[in-house]
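Raw target_27.cif, mmCIF, C-alpha atoms:
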data_protein
#
loop_
_atom_site.group_PDB
_atom_site.id
_atom_site.type_symbol
_atom_site.label_atom_id
_atom_site.label_comp_id
_atom_site.auth_asym_id
_atom_site.auth_seq_id
_atom_site.Cartn_x
_atom_site.Cartn_y
_atom_site.Cartn_z
ATOM 1 C CA MET P 1 0.000 0.000 0.000
ATOM 2 C CA ILE P 2 1.270 3.465 -0.920
ATOM 3 C CA ALA P 3 0.474 6.031 1.779
ATOM 4 C CA SER P 4 2.123 8.703 3.897
ATOM 5 C CA CYS P 5 4.538 7.709 6.638
ATOM 6 C CA SER P 6 2.090 8.997 9.249
ATOM 7 C CA THR P 7 -0.724 6.840 7.820
ATOM 8 C CA HIS P 8 1.482 3.739 7.950
ATOM 9 C CA SER P 9 2.639 4.626 11.473
ATOM 10 C CA LYS P 10 -0.908 5.062 12.766
ATOM 11 C CA ALA P 11 -1.908 1.677 11.324
ATOM 12 C CA ILE P 12 1.090 -0.043 12.940
ATOM 13 C CA SER P 13 0.525 1.662 16.305
ATOM 14 C CA ALA P 14 -3.155 0.674 16.225
ATOM 15 C CA GLY P 15 -2.227 -2.998 15.815
ATOM 16 C CA LYS P 16 -3.528 -3.324 12.248
ATOM 17 C CA TRP P 17 -0.275 -4.968 11.145
ATOM 18 C CA ASP P 18 0.063 -7.308 14.119
ATOM 19 C CA ASP P 19 -1.131 -10.394 12.225
ATOM 20 C CA HIS P 20 1.277 -9.584 9.408
ATOM 21 C CA PHE P 21 4.194 -9.208 11.824
ATOM 22 C CA ALA P 22 3.239 -12.466 13.563
ATOM 23 C CA ALA P 23 3.213 -14.320 10.238
ATOM 24 C CA LEU P 24 6.620 -12.959 9.231
ATOM 25 C CA TYR P 25 8.474 -12.982 12.545
ATOM 26 C CA GLY P 26 6.482 -15.006 15.062
ATOM 27 C CA SER P 27 3.972 -13.866 17.657
ATOM 28 C CA THR P 28 6.638 -13.151 20.279
ATOM 29 C CA GLU P 29 8.306 -10.609 17.957
ATOM 30 C CA ILE P 30 5.309 -8.342 17.299
ATOM 31 C CA ALA P 31 6.345 -5.578 19.699
ATOM 32 C CA VAL P 32 9.958 -5.613 18.477
ATOM 33 C CA GLN P 33 8.942 -5.377 14.828
ATOM 34 C CA LYS P 34 6.383 -2.642 15.474
ATOM 35 C CA SER P 35 9.132 -0.566 17.075
ATOM 36 C CA ARG P 36 11.525 -1.372 14.226
ATOM 37 C CA TYR P 37 9.163 -0.375 11.422
ATOM 38 C CA LEU P 38 7.963 2.735 13.241
ATOM 39 C CA LYS P 39 11.599 3.819 13.586
ATOM 40 C CA LEU P 40 12.142 3.339 9.824
ATOM 41 C CA LEU P 41 9.071 5.424 9.015
ATOM 42 C CA ASN P 42 9.997 8.160 11.486
ATOM 43 C CA GLN P 43 13.543 8.332 10.125
ATOM 44 C CA LEU P 44 12.286 8.549 6.551
ATOM 45 C CA GLU P 45 9.717 11.233 7.289
ATOM 46 C CA ALA P 46 12.203 13.302 9.307
ATOM 47 C CA HIS P 47 14.809 13.120 6.557
ATOM 48 C CA THR P 48 12.631 13.382 3.435
ATOM 49 C CA PRO P 49 8.960 14.255 3.997
ATOM 50 C CA GLY P 50 6.554 12.894 1.402
ATOM 51 C CA GLU P 51 3.130 11.374 0.850
ATOM 52 C CA LYS P 52 3.861 8.191 -1.116
ATOM 53 C CA ALA P 53 5.763 5.769 1.089
ATOM 54 C CA ILE P 54 5.875 2.002 0.789
ATOM 55 C CA ILE P 55 7.355 -0.576 3.151
ATOM 56 C CA VAL P 56 8.986 -3.746 1.815
ATOM 57 C CA ASN P 57 10.995 -6.581 3.278
ATOM 58 C CA ALA P 58 12.820 -9.662 2.023
ATOM 59 C CA PRO P 59 14.024 -12.504 4.266
ATOM 60 C CA GLY P 60 17.306 -14.347 4.427
ATOM 61 C CA ARG P 61 17.269 -18.088 3.876
ATOM 62 C CA THR P 62 18.686 -21.300 5.286
ATOM 63 C CA GLU P 63 19.567 -24.443 3.354
ATOM 64 C CA LEU P 64 17.742 -27.502 4.671
ATOM 65 C CA GLY P 65 19.068 -29.830 2.011
ATOM 66 C CA GLY P 66 21.254 -29.303 -1.051
ATOM 67 C CA ASN P 67 24.340 -27.107 -0.938
ATOM 68 C CA HIS P 68 25.438 -25.664 -4.308
ATOM 69 C CA THR P 69 23.210 -28.218 -6.040
ATOM 70 C CA ASP P 70 21.054 -25.442 -7.532
ATOM 71 C CA HIS P 71 23.754 -24.409 -10.010
ATOM 72 C CA ASN P 72 24.541 -28.054 -10.722
ATOM 73 C CA HIS P 73 20.976 -28.786 -11.900
ATOM 74 C CA GLY P 74 20.063 -30.585 -8.673
ATOM 75 C CA CYS P 75 17.312 -30.474 -6.042
ATOM 76 C CA ILE P 76 17.182 -28.419 -2.857
ATOM 77 C CA LEU P 77 15.162 -27.740 0.256
ATOM 78 C CA ALA P 78 15.433 -24.177 1.558
ATOM 79 C CA ALA P 79 13.500 -22.000 3.966
ATOM 80 C CA ALA P 80 13.080 -18.290 4.485
ATOM 81 C CA VAL P 81 14.015 -17.142 7.996
ATOM 82 C CA ASN P 82 12.768 -14.280 10.147
ATOM 83 C CA LEU P 83 16.012 -12.300 9.760
ATOM 84 C CA ASP P 84 15.529 -9.925 6.863
ATOM 85 C CA CYS P 85 16.131 -6.654 5.041
ATOM 86 C CA ALA P 86 13.382 -4.058 5.440
ATOM 87 C CA ALA P 87 12.980 -0.571 3.992
ATOM 88 C CA ALA P 88 10.629 2.391 3.952
ATOM 89 C CA VAL P 89 10.957 4.366 0.715
ATOM 90 C CA TYR P 90 9.497 7.202 -1.332
ATOM 91 C CA PRO P 91 9.551 7.367 -5.161
ATOM 92 C CA THR P 92 11.538 10.207 -6.730
ATOM 93 C CA ASP P 93 11.204 11.937 -10.083
ATOM 94 C CA THR P 94 14.927 11.556 -10.787
ATOM 95 C CA PRO P 95 16.511 8.177 -11.698
ATOM 96 C CA THR P 96 18.639 7.963 -8.563
ATOM 97 C CA VAL P 97 18.387 5.489 -5.687
ATOM 98 C CA THR P 98 19.470 6.836 -2.294
ATOM 99 C CA LEU P 99 19.209 4.537 0.716
ATOM 100 C CA TYR P 100 20.247 5.506 4.248
ATOM 101 C CA SER P 101 21.093 2.964 6.932
ATOM 102 C CA ASP P 102 22.462 3.038 10.457
ATOM 103 C CA ASP P 103 24.980 0.421 9.258
ATOM 104 C CA TYR P 104 26.626 2.802 6.765
ATOM 105 C CA GLU P 105 28.175 6.200 7.376
ATOM 106 C CA GLU P 106 27.359 7.274 3.811
ATOM 107 C CA PRO P 107 24.145 6.488 1.920
ATOM 108 C CA ILE P 108 23.984 3.824 -0.770
ATOM 109 C CA GLN P 109 23.557 5.985 -3.866
ATOM 110 C CA VAL P 110 23.223 4.854 -7.483
ATOM 111 C CA ASN P 111 22.434 6.896 -10.594
ATOM 112 C CA LEU P 112 20.287 4.669 -12.793
ATOM 113 C CA THR P 113 21.098 6.445 -16.046
ATOM 114 C CA ASN P 114 24.042 4.025 -16.180
ATOM 115 C CA LEU P 115 22.862 0.407 -16.011
ATOM 116 C CA SER P 116 26.115 -1.313 -16.985
ATOM 117 C CA PRO P 117 28.228 -3.435 -14.615
ATOM 118 C CA SER P 118 31.392 -1.904 -13.210
ATOM 119 C CA GLN P 119 34.415 -3.838 -11.973
ATOM 120 C CA THR P 120 34.989 -1.198 -9.321
ATOM 121 C CA GLU P 121 31.551 -1.904 -7.772
ATOM 122 C CA HIS P 122 32.038 -5.674 -7.383
ATOM 123 C CA GLY P 123 30.985 -6.869 -3.951
ATOM 124 C CA THR P 124 29.159 -3.660 -3.010
ATOM 125 C CA PRO P 125 25.472 -2.906 -2.350
ATOM 126 C CA GLU P 126 25.681 -0.319 -5.154
ATOM 127 C CA ALA P 127 26.403 -3.155 -7.586
ATOM 128 C CA LEU P 128 23.286 -5.012 -6.452
ATOM 129 C CA VAL P 129 21.101 -1.901 -6.782
ATOM 130 C CA ARG P 130 22.429 -1.190 -10.273
ATOM 131 C CA GLY P 131 22.116 -4.839 -11.306
ATOM 132 C CA VAL P 132 18.519 -5.187 -10.141
ATOM 133 C CA ALA P 133 17.677 -1.838 -11.766
ATOM 134 C CA ALA P 134 19.141 -3.104 -15.051
ATOM 135 C CA ALA P 135 17.122 -6.325 -14.816
ATOM 136 C CA PHE P 136 13.981 -4.322 -14.020
ATOM 137 C CA PHE P 137 14.605 -1.992 -16.973
ATOM 138 C CA ARG P 138 14.995 -4.946 -19.369
ATOM 139 C CA ARG P 139 11.588 -6.253 -18.322
ATOM 140 C CA THR P 140 9.635 -3.002 -17.977
ATOM 141 C CA GLY P 141 11.506 -0.177 -19.703
ATOM 142 C CA LEU P 142 11.358 1.775 -16.411
ATOM 143 C CA ARG P 143 14.055 3.398 -14.291
ATOM 144 C CA GLN P 144 12.547 4.027 -10.865
ATOM 145 C CA GLY P 145 14.384 6.361 -8.517
ATOM 146 C CA CYS P 146 13.673 6.384 -4.798
ATOM 147 C CA THR P 147 14.953 7.549 -1.439
ATOM 148 C CA GLY P 148 14.555 5.560 1.728
ATOM 149 C CA ARG P 149 15.710 4.142 5.034
ATOM 150 C CA LEU P 150 16.684 0.511 5.413
ATOM 151 C CA HIS P 151 17.454 -1.832 8.281
ATOM 152 C CA SER P 152 18.802 -5.352 8.097
ATOM 153 C CA THR P 153 18.788 -8.110 10.691
ATOM 154 C CA CYS P 154 20.208 -10.476 8.046
ATOM 155 C CA GLN P 155 23.860 -9.473 8.189
ATOM 156 C CA PRO P 156 26.612 -10.126 5.593
ATOM 157 C CA GLY P 157 28.797 -13.167 6.216
ATOM 158 C CA THR P 158 26.235 -15.094 8.275
ATOM 159 C CA GLY P 159 25.492 -17.708 5.610
ATOM 160 C CA LEU P 160 21.848 -16.590 5.407
ATOM 161 C CA SER P 161 22.307 -14.936 2.014
ATOM 162 C CA SER P 162 22.031 -11.291 2.923
ATOM 163 C CA SER P 163 22.919 -10.337 -0.655
ATOM 164 C CA ALA P 164 19.922 -12.243 -1.999
ATOM 165 C CA ALA P 165 17.626 -10.669 0.601
ATOM 166 C CA PHE P 166 18.926 -7.191 -0.237
ATOM 167 C CA SER P 167 18.560 -7.769 -3.991
ATOM 168 C CA VAL P 168 15.031 -9.149 -3.689
ATOM 169 C CA MET P 169 14.105 -6.183 -1.504
ATOM 170 C CA ILE P 170 15.418 -3.747 -4.145
ATOM 171 C CA GLY P 171 13.448 -5.540 -6.858
ATOM 172 C CA SER P 172 10.324 -5.350 -4.707
ATOM 173 C CA ILE P 173 10.825 -1.608 -4.251
ATOM 174 C CA PHE P 174 10.960 -1.035 -8.012
ATOM 175 C CA ASN P 175 8.091 -3.460 -8.622
ATOM 176 C CA PHE P 176 5.674 -1.833 -6.169
ATOM 177 C CA LEU P 177 6.667 1.793 -6.665
ATOM 178 C CA SER P 178 6.260 1.916 -10.433
ATOM 179 C CA TYR P 179 4.882 -1.391 -11.744
ATOM 180 C CA GLU P 180 1.908 -2.081 -9.453
ATOM 181 C CA GLY P 181 3.497 -5.295 -8.222
ATOM 182 C CA ARG P 182 2.948 -7.062 -11.533
ATOM 183 C CA LEU P 183 6.277 -8.900 -11.560
ATOM 184 C CA SER P 184 5.988 -12.308 -9.903
ATOM 185 C CA ALA P 185 8.099 -13.547 -7.003
ATOM 186 C CA PRO P 186 10.039 -16.002 -9.248
ATOM 187 C CA THR P 187 10.768 -13.152 -11.684
ATOM 188 C CA LEU P 188 12.106 -11.001 -8.857
ATOM 189 C CA ALA P 189 14.308 -13.933 -7.833
ATOM 190 C CA VAL P 190 15.784 -14.256 -11.328
ATOM 191 C CA MET P 191 16.390 -10.483 -11.438
ATOM 192 C CA ALA P 192 18.243 -10.689 -8.124
ATOM 193 C CA GLN P 193 20.362 -13.585 -9.383
ATOM 194 C CA GLU P 194 21.258 -11.652 -12.543
ATOM 195 C CA ALA P 195 22.402 -8.750 -10.354
ATOM 196 C CA GLU P 196 24.556 -11.008 -8.195
ATOM 197 C CA ASN P 197 26.096 -12.856 -11.173
ATOM 198 C CA ASP P 198 26.698 -9.966 -13.555
ATOM 199 C CA PHE P 199 27.166 -6.922 -11.305
ATOM 200 C CA PHE P 200 28.108 -8.107 -7.803
ATOM 201 C CA GLY P 201 30.528 -10.768 -9.057
ATOM 202 C CA LYS P 202 29.030 -13.748 -7.228
ATOM 203 C CA PRO P 203 28.509 -16.857 -9.430
ATOM 204 C CA CYS P 204 25.546 -18.140 -7.403
ATOM 205 C CA GLY P 205 22.626 -20.279 -8.425
ATOM 206 C CA LEU P 206 18.980 -19.360 -7.907
ATOM 207 C CA MET P 207 18.163 -21.096 -4.612
ATOM 208 C CA ASP P 208 18.914 -18.139 -2.318
ATOM 209 C CA GLN P 209 16.910 -15.600 -4.294
ATOM 210 C CA MET P 210 13.965 -17.957 -4.845
ATOM 211 C CA ALA P 211 13.664 -18.831 -1.142
ATOM 212 C CA SER P 212 13.849 -15.146 -0.214
ATOM 213 C CA SER P 213 11.386 -13.987 -2.857
ATOM 214 C CA LEU P 214 8.799 -16.676 -2.102
ATOM 215 C CA GLY P 215 9.329 -16.241 1.643
ATOM 216 C CA ARG P 216 8.445 -19.820 2.450
ATOM 217 C CA THR P 217 9.951 -23.297 2.788
ATOM 218 C CA ILE P 218 10.441 -24.642 -0.713
ATOM 219 C CA PHE P 219 11.500 -27.705 -2.644
ATOM 220 C CA ALA P 220 13.059 -26.839 -5.997
ATOM 221 C CA ASP P 221 14.314 -29.012 -8.859
ATOM 222 C CA PHE P 222 16.868 -27.074 -10.912
ATOM 223 C CA LEU P 223 17.045 -29.411 -13.893
ATOM 224 C CA GLU P 224 16.128 -26.251 -15.830
ATOM 225 C CA PRO P 225 18.145 -23.699 -13.827
ATOM 226 C CA LEU P 226 16.198 -20.553 -14.798
ATOM 227 C CA THR P 227 12.754 -22.159 -14.672
ATOM 228 C CA PRO P 228 12.965 -24.612 -11.765
ATOM 229 C CA HIS P 229 10.081 -26.756 -10.632
ATOM 230 C CA ILE P 230 9.099 -25.331 -7.254
ATOM 231 C CA LYS P 231 6.808 -26.686 -4.549
ATOM 232 C CA ILE P 232 5.862 -24.892 -1.339
ATOM 233 C CA ILE P 233 6.373 -27.170 1.667
ATOM 234 C CA GLU P 234 3.755 -26.688 4.378
ATOM 235 C CA HIS P 235 5.123 -27.611 7.793
ATOM 236 C CA SER P 236 5.425 -26.493 11.378
ATOM 237 C CA LEU P 237 8.740 -26.739 13.198
ATOM 238 C CA LYS P 238 6.937 -26.132 16.478
ATOM 239 C CA LYS P 239 4.541 -29.030 15.974
ATOM 240 C CA SER P 240 7.368 -31.324 14.880
ATOM 241 C CA GLY P 241 9.331 -30.654 18.046
ATOM 242 C CA TYR P 242 12.266 -29.081 16.218
ATOM 243 C CA GLN P 243 13.747 -25.636 16.492
ATOM 244 C CA LEU P 244 15.903 -23.824 13.927
ATOM 245 C CA ALA P 245 18.718 -21.934 15.612
ATOM 246 C CA VAL P 246 21.165 -19.369 14.248
ATOM 247 C CA ILE P 247 24.436 -19.345 16.180
ATOM 248 C CA ASP P 248 26.783 -16.351 16.020
ATOM 249 C CA THR P 249 30.215 -18.003 15.844
ATOM 250 C CA GLY P 250 32.037 -14.752 15.118
ATOM 251 C CA GLY P 251 33.107 -16.074 11.719
ATOM 252 C CA SER P 252 32.251 -15.008 8.193
ATOM 253 C CA HIS P 253 31.932 -16.690 4.816
ATOM 254 C CA ILE P 254 32.292 -13.495 2.754
ATOM 255 C CA GLU P 255 35.648 -14.662 1.354
ATOM 256 C CA LEU P 256 34.378 -18.127 0.357
ATOM 257 C CA THR P 257 32.900 -17.270 -3.063
#

Here is a file; write its structure as structure tokens.
Amino acid sequence: MIASCSTHSKAISAGKWDDHFAALYGSTEIAVQKSRYLKLLNQLEAHTPGEKAIIVNAPGRTELGGNHTDHNHGCILAAAVNLDCAAAVYPTDTPTVTLYSDDYEEPIQVNLTNLSPSQTEHGTPEALVRGVAAAFFRRTGLRQGCTGRLHSTCQPGTGLSSSAAFSVMIGSIFNFLSYEGRLSAPTLAVMAQEAENDFFGKPCGLMDQMASSLGRTIFADFLEPLTPHIKIIEHSLKKSGYQLAVIDTGGSHIELT
């Protein structure tokens, strides 16, 4: 929904998004997520007042079965997790993306008049923004500028595919700001993969982006790598007696590409 930051904030404060937060993060996280999203909206409105804000998020993912089998035409099980990238953004009339975050001293800023990969941007969030923008332009002919605030609980190096979550989030921003959400979740996943392969410099398959974009637990057969057979797996870890834990070991896999 496109509305002012104050309209979104009033709806969140009144509990109208509680069911949504419970579905995404679990019922015990409602208060935390309300505070988080209200902070994003307040930061955006204080920095750049406007009337047409949207809020998007994209989750990280965990591999349940199949490691690197997606780009070897194999089968995988993967699940979205409740650590994610979230953003509150306004559209702009100029083809420039400017995203502010507490994690970066300087904003992520990309001029979309240039949609070609650059060696100097490899491994940067700017490369992912430019790559997703290029993929979006190829499919729609649109260059959508925006300014916004973002916050990520899915951090780089954790093995939860923060780059896929970030790329899917950027694609969702473009999709909902200027294309009425008409691009499907699998299409957004392919766009994110193209950005990672061609702009970011990461030769990944499609599992990470597909799990993030669909936001569920999935089985996927990558016999046809760009058009995999996908099945949503309905399950409940709680009912099964299992718990999925993320352990901070202090390590990083950023250098393992």

*Rank P:Gly215, P:Pro49, P:Pro117, P:Gly250 by their smallest atom-to-atom distance to Ala134 (chain P), using only C-alpha atoms, and report the top residue only.*
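Among the listed residues, the smallest separation from Ala134 (chain P) belongs to P:Pro117.
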
_Pairwise distance for CA of Asn67 (chain P) and CA of Lys231 (chain P), rounded to one decimal in Å_ =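 Taking CA of Asn67 (chain P) and CA of Lys231 (chain P), their separation equals 17.9 Å.
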
_Nearest to Asn175 (chain P) by atom-to-atom distance, counting all atoms listed in the file, from P:His68, P:Lys202, P:Arg149, P:Arg139_ =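 The closest residue to Asn175 (chain P) is P:Arg139.
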
*Quote the spacing between CA of Met210 (chain P) and CA of Ala189 (chain P) in Å to one decimal place.*
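For CA of Met210 (chain P) relative to CA of Ala189 (chain P), the distance reads 5.0 Å.
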
*Could you give me, as a PyMOL selection string, the residues within 7 Å of Leu99 (chain P), counting all atoms listed in the file and dropping anything in the same chain fewer than 5 positions from it?*
chain P and resi 107-109+147-150

*Between CA of Pro59 (chain P) and CA of Leu214 (chain P), distance in Å (one decimal)*: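 Spanning CA of Pro59 (chain P) to CA of Leu214 (chain P) is a straight-line distance of 9.2 Å.
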
*asked:* Just want the 7 Å neighbourhood of Ala80 (chain P), counted on only C-alpha atoms, with same-chain residues fewer than 5 positions away dropped. Output as a ChimeraX atom specification.
replied: /P:59-62,211-212,215-217

*Within 6 Å of Thr96 (chain P), counting only C-alpha atoms, which residues qualify if same-chain residues fewer than 6 places away don't, as a VMD selection string?*
chain P and resid 110 to 112 145

Please save C-alpha atoms of the selected residues as an mmCIF file, in the frame of the given file.
data_model
loop_
_atom_site.group_PDB
_atom_site.id
_atom_site.type_symbol
_atom_site.label_atom_id
_atom_site.label_comp_id
_atom_site.auth_asym_id
_atom_site.auth_seq_id
_atom_site.Cartn_x
_atom_site.Cartn_y
_atom_site.Cartn_z
ATOM 1 C CA VAL P 110 23.223 4.854 -7.483
ATOM 2 C CA ASN P 111 22.434 6.896 -10.594
ATOM 3 C CA LEU P 112 20.287 4.669 -12.793
ATOM 4 C CA GLY P 145 14.384 6.361 -8.517
#

*Could you tell me which residues the PyMOL selection byres ((chain P and resi 188) around 10) grabs in this file, written as a VMD selection string?*
chain P and resid 132 135 to 136 167 to 172 175 183 to 187 189 to 194 209 to 210 212 to 214

What would region 58-68 of chain P look like with all heavy atoms restored, written as an mmCIF file, in the coordinates of the input?
data_model
loop_
_atom_site.group_PDB
_atom_site.id
_atom_site.type_symbol
_atom_site.label_atom_id
_atom_site.label_comp_id
_atom_site.auth_asym_id
_atom_site.auth_seq_id
_atom_site.Cartn_x
_atom_site.Cartn_y
_atom_site.Cartn_z
ATOM 1 N N ALA P 58 12.451 -8.406 2.666
ATOM 2 C CA ALA P 58 12.820 -9.662 2.023
ATOM 3 C C ALA P 58 13.671 -10.451 3.016
ATOM 4 O O ALA P 58 14.627 -9.918 3.576
ATOM 5 C CB ALA P 58 13.588 -9.413 0.731
ATOM 6 N N PRO P 59 13.327 -11.722 3.242
ATOM 7 C CA PRO P 59 14.024 -12.504 4.266
ATOM 8 C C PRO P 59 15.313 -13.142 3.767
ATOM 9 O O PRO P 59 15.505 -13.372 2.567
ATOM 10 C CB PRO P 59 13.002 -13.589 4.610
ATOM 11 C CG PRO P 59 12.258 -13.806 3.316
ATOM 12 C CD PRO P 59 12.172 -12.444 2.677
ATOM 13 N N GLY P 60 16.189 -13.463 4.723
ATOM 14 C CA GLY P 60 17.306 -14.347 4.427
ATOM 15 C C GLY P 60 16.798 -15.767 4.298
ATOM 16 O O GLY P 60 15.597 -16.030 4.431
ATOM 17 N N ARG P 61 17.699 -16.695 4.052
ATOM 18 C CA ARG P 61 17.269 -18.088 3.876
ATOM 19 C C ARG P 61 18.275 -19.047 4.497
ATOM 20 O O ARG P 61 19.443 -18.730 4.691
ATOM 21 C CB ARG P 61 17.080 -18.421 2.405
ATOM 22 C CG ARG P 61 18.374 -18.448 1.587
ATOM 23 C CD ARG P 61 19.005 -19.842 1.529
ATOM 24 N NE ARG P 61 20.358 -19.802 0.988
ATOM 25 C CZ ARG P 61 21.451 -19.739 1.713
ATOM 26 N NH1 ARG P 61 21.371 -19.659 3.029
ATOM 27 N NH2 ARG P 61 22.654 -19.748 1.154
ATOM 28 N N THR P 62 17.809 -20.241 4.819
ATOM 29 C CA THR P 62 18.686 -21.300 5.286
ATOM 30 C C THR P 62 18.517 -22.514 4.383
ATOM 31 O O THR P 62 17.421 -22.782 3.890
ATOM 32 C CB THR P 62 18.390 -21.678 6.745
ATOM 33 O OG1 THR P 62 19.340 -22.643 7.191
ATOM 34 C CG2 THR P 62 16.993 -22.254 6.913
ATOM 35 N N GLU P 63 19.617 -23.214 4.152
ATOM 36 C CA GLU P 63 19.567 -24.443 3.354
ATOM 37 C C GLU P 63 19.191 -25.601 4.269
ATOM 38 O O GLU P 63 19.858 -25.848 5.268
ATOM 39 C CB GLU P 63 20.927 -24.724 2.721
ATOM 40 C CG GLU P 63 21.435 -23.618 1.817
ATOM 41 C CD GLU P 63 22.919 -23.774 1.542
ATOM 42 O OE1 GLU P 63 23.290 -24.735 0.853
ATOM 43 O OE2 GLU P 63 23.689 -22.943 2.034
ATOM 44 N N LEU P 64 18.137 -26.304 3.917
ATOM 45 C CA LEU P 64 17.742 -27.502 4.671
ATOM 46 C C LEU P 64 18.283 -28.762 4.017
ATOM 47 O O LEU P 64 18.470 -29.779 4.671
ATOM 48 C CB LEU P 64 16.216 -27.575 4.778
ATOM 49 C CG LEU P 64 15.553 -26.384 5.474
ATOM 50 C CD1 LEU P 64 14.040 -26.543 5.457
ATOM 51 C CD2 LEU P 64 16.064 -26.226 6.890
ATOM 52 N N GLY P 65 18.513 -28.694 2.736
ATOM 53 C CA GLY P 65 19.068 -29.830 2.011
ATOM 54 C C GLY P 65 19.501 -29.400 0.625
ATOM 55 O O GLY P 65 18.728 -28.778 -0.102
ATOM 56 N N GLY P 66 20.750 -29.684 0.265
ATOM 57 C CA GLY P 66 21.254 -29.303 -1.051
ATOM 58 C C GLY P 66 22.096 -28.056 -0.953
ATOM 59 O O GLY P 66 21.586 -26.959 -0.756
ATOM 60 N N ASN P 67 23.412 -28.229 -1.030
ATOM 61 C CA ASN P 67 24.340 -27.107 -0.938
ATOM 62 C C ASN P 67 25.085 -26.988 -2.257
ATOM 63 O O ASN P 67 25.831 -27.893 -2.641
ATOM 64 C CB ASN P 67 25.311 -27.328 0.225
ATOM 65 C CG ASN P 67 26.181 -26.107 0.462
ATOM 66 O OD1 ASN P 67 25.981 -25.081 -0.169
ATOM 67 N ND2 ASN P 67 27.126 -26.228 1.364
ATOM 68 N N HIS P 68 24.862 -25.901 -2.981
ATOM 69 C CA HIS P 68 25.438 -25.664 -4.308
ATOM 70 C C HIS P 68 24.887 -26.626 -5.364
ATOM 71 O O HIS P 68 25.425 -26.714 -6.467
ATOM 72 C CB HIS P 68 26.968 -25.748 -4.276
ATOM 73 C CG HIS P 68 27.597 -24.690 -3.429
ATOM 74 N ND1 HIS P 68 27.548 -23.357 -3.757
ATOM 75 C CD2 HIS P 68 28.267 -24.769 -2.247
ATOM 76 C CE1 HIS P 68 28.176 -22.654 -2.831
ATOM 77 N NE2 HIS P 68 28.601 -23.477 -1.893
#
